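Quick notes on the structure that follows.
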Amino acid sequence: MTAMETEETPQSVQFEIIDLAASVRLTRRLGHVWNVSLQDRRDVNLVSVALRPGPADLAVLLRNVEAWVKQESMCAIRFQVDGREYILAAGEADWAAAIPAAVA
């Protein structure tokens, strides 16, 4: 790997998940492959993933998270890589799941 490739390869990715239980599920899912940490913040939970060496690791991670977003019926989540924020969208939102049982 050249010095140029090292500089261009991101070191980690952070995913913002509002629901703590969902954040734990994502952390467990990704923890089988990557080093993952979960930070419980007041307004959002941050799942940080340390990328492995190799140019394809980011793509593999994002496909894995995309499948999880679809499975969780979240519709989209925000993530950050290299200091830039992006939206990862997949599937359809399950609005009934987002409404507490007492309200529905």
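Identifiers in this document derive from the order of the structure tokens: chains are assigned A, B, ..., residues are numbered from 1 separately in each chain, and ligands are numbered from 1 in order of occurrence.
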Looking only at the backbone, which of the residues in region 3-99 of chain A does DSSP tag as strand (DSSP E), as a ChimeraX atom specification?
/A:12-17,35-40,45-50,75-81,84-90
What lies within 10 Å of Gly31 (chain A) using only C-alpha atoms, ignoring chain neighbours under 6 positions off, as a list in words?
Arg25, Ser37 and Val49 of chain A
Generate the output file for the selected residues, C-alpha atoms, as an mmCIF file, in the first residue's frame.
```cif
data_model
loop_
_atom_site.group_PDB
_atom_site.id
_atom_site.type_symbol
_atom_site.label_atom_id
_atom_site.label_comp_id
_atom_site.auth_asym_id
_atom_site.auth_seq_id
_atom_site.Cartn_x
_atom_site.Cartn_y
_atom_site.Cartn_z
ATOM 1 C CA ARG A 25 -28.520 -4.508 17.384
ATOM 2 C CA SER A 37 -18.064 0.977 19.659
ATOM 3 C CA VAL A 49 -16.800 1.222 13.088
#
```
The residue from A:Gln14, A:Thr27, A:Asn35, A:Gln71 with the smallest atom-to-atom distance to Ala90 (chain A), counting only C-alpha atoms, is A:Gln71
Between A:Val69, A:Glu92, A:Val60, A:Glu85, which residue has the minimum interatomic distance to Val33 (chain A), considering only C-alpha atoms?
A:Val60
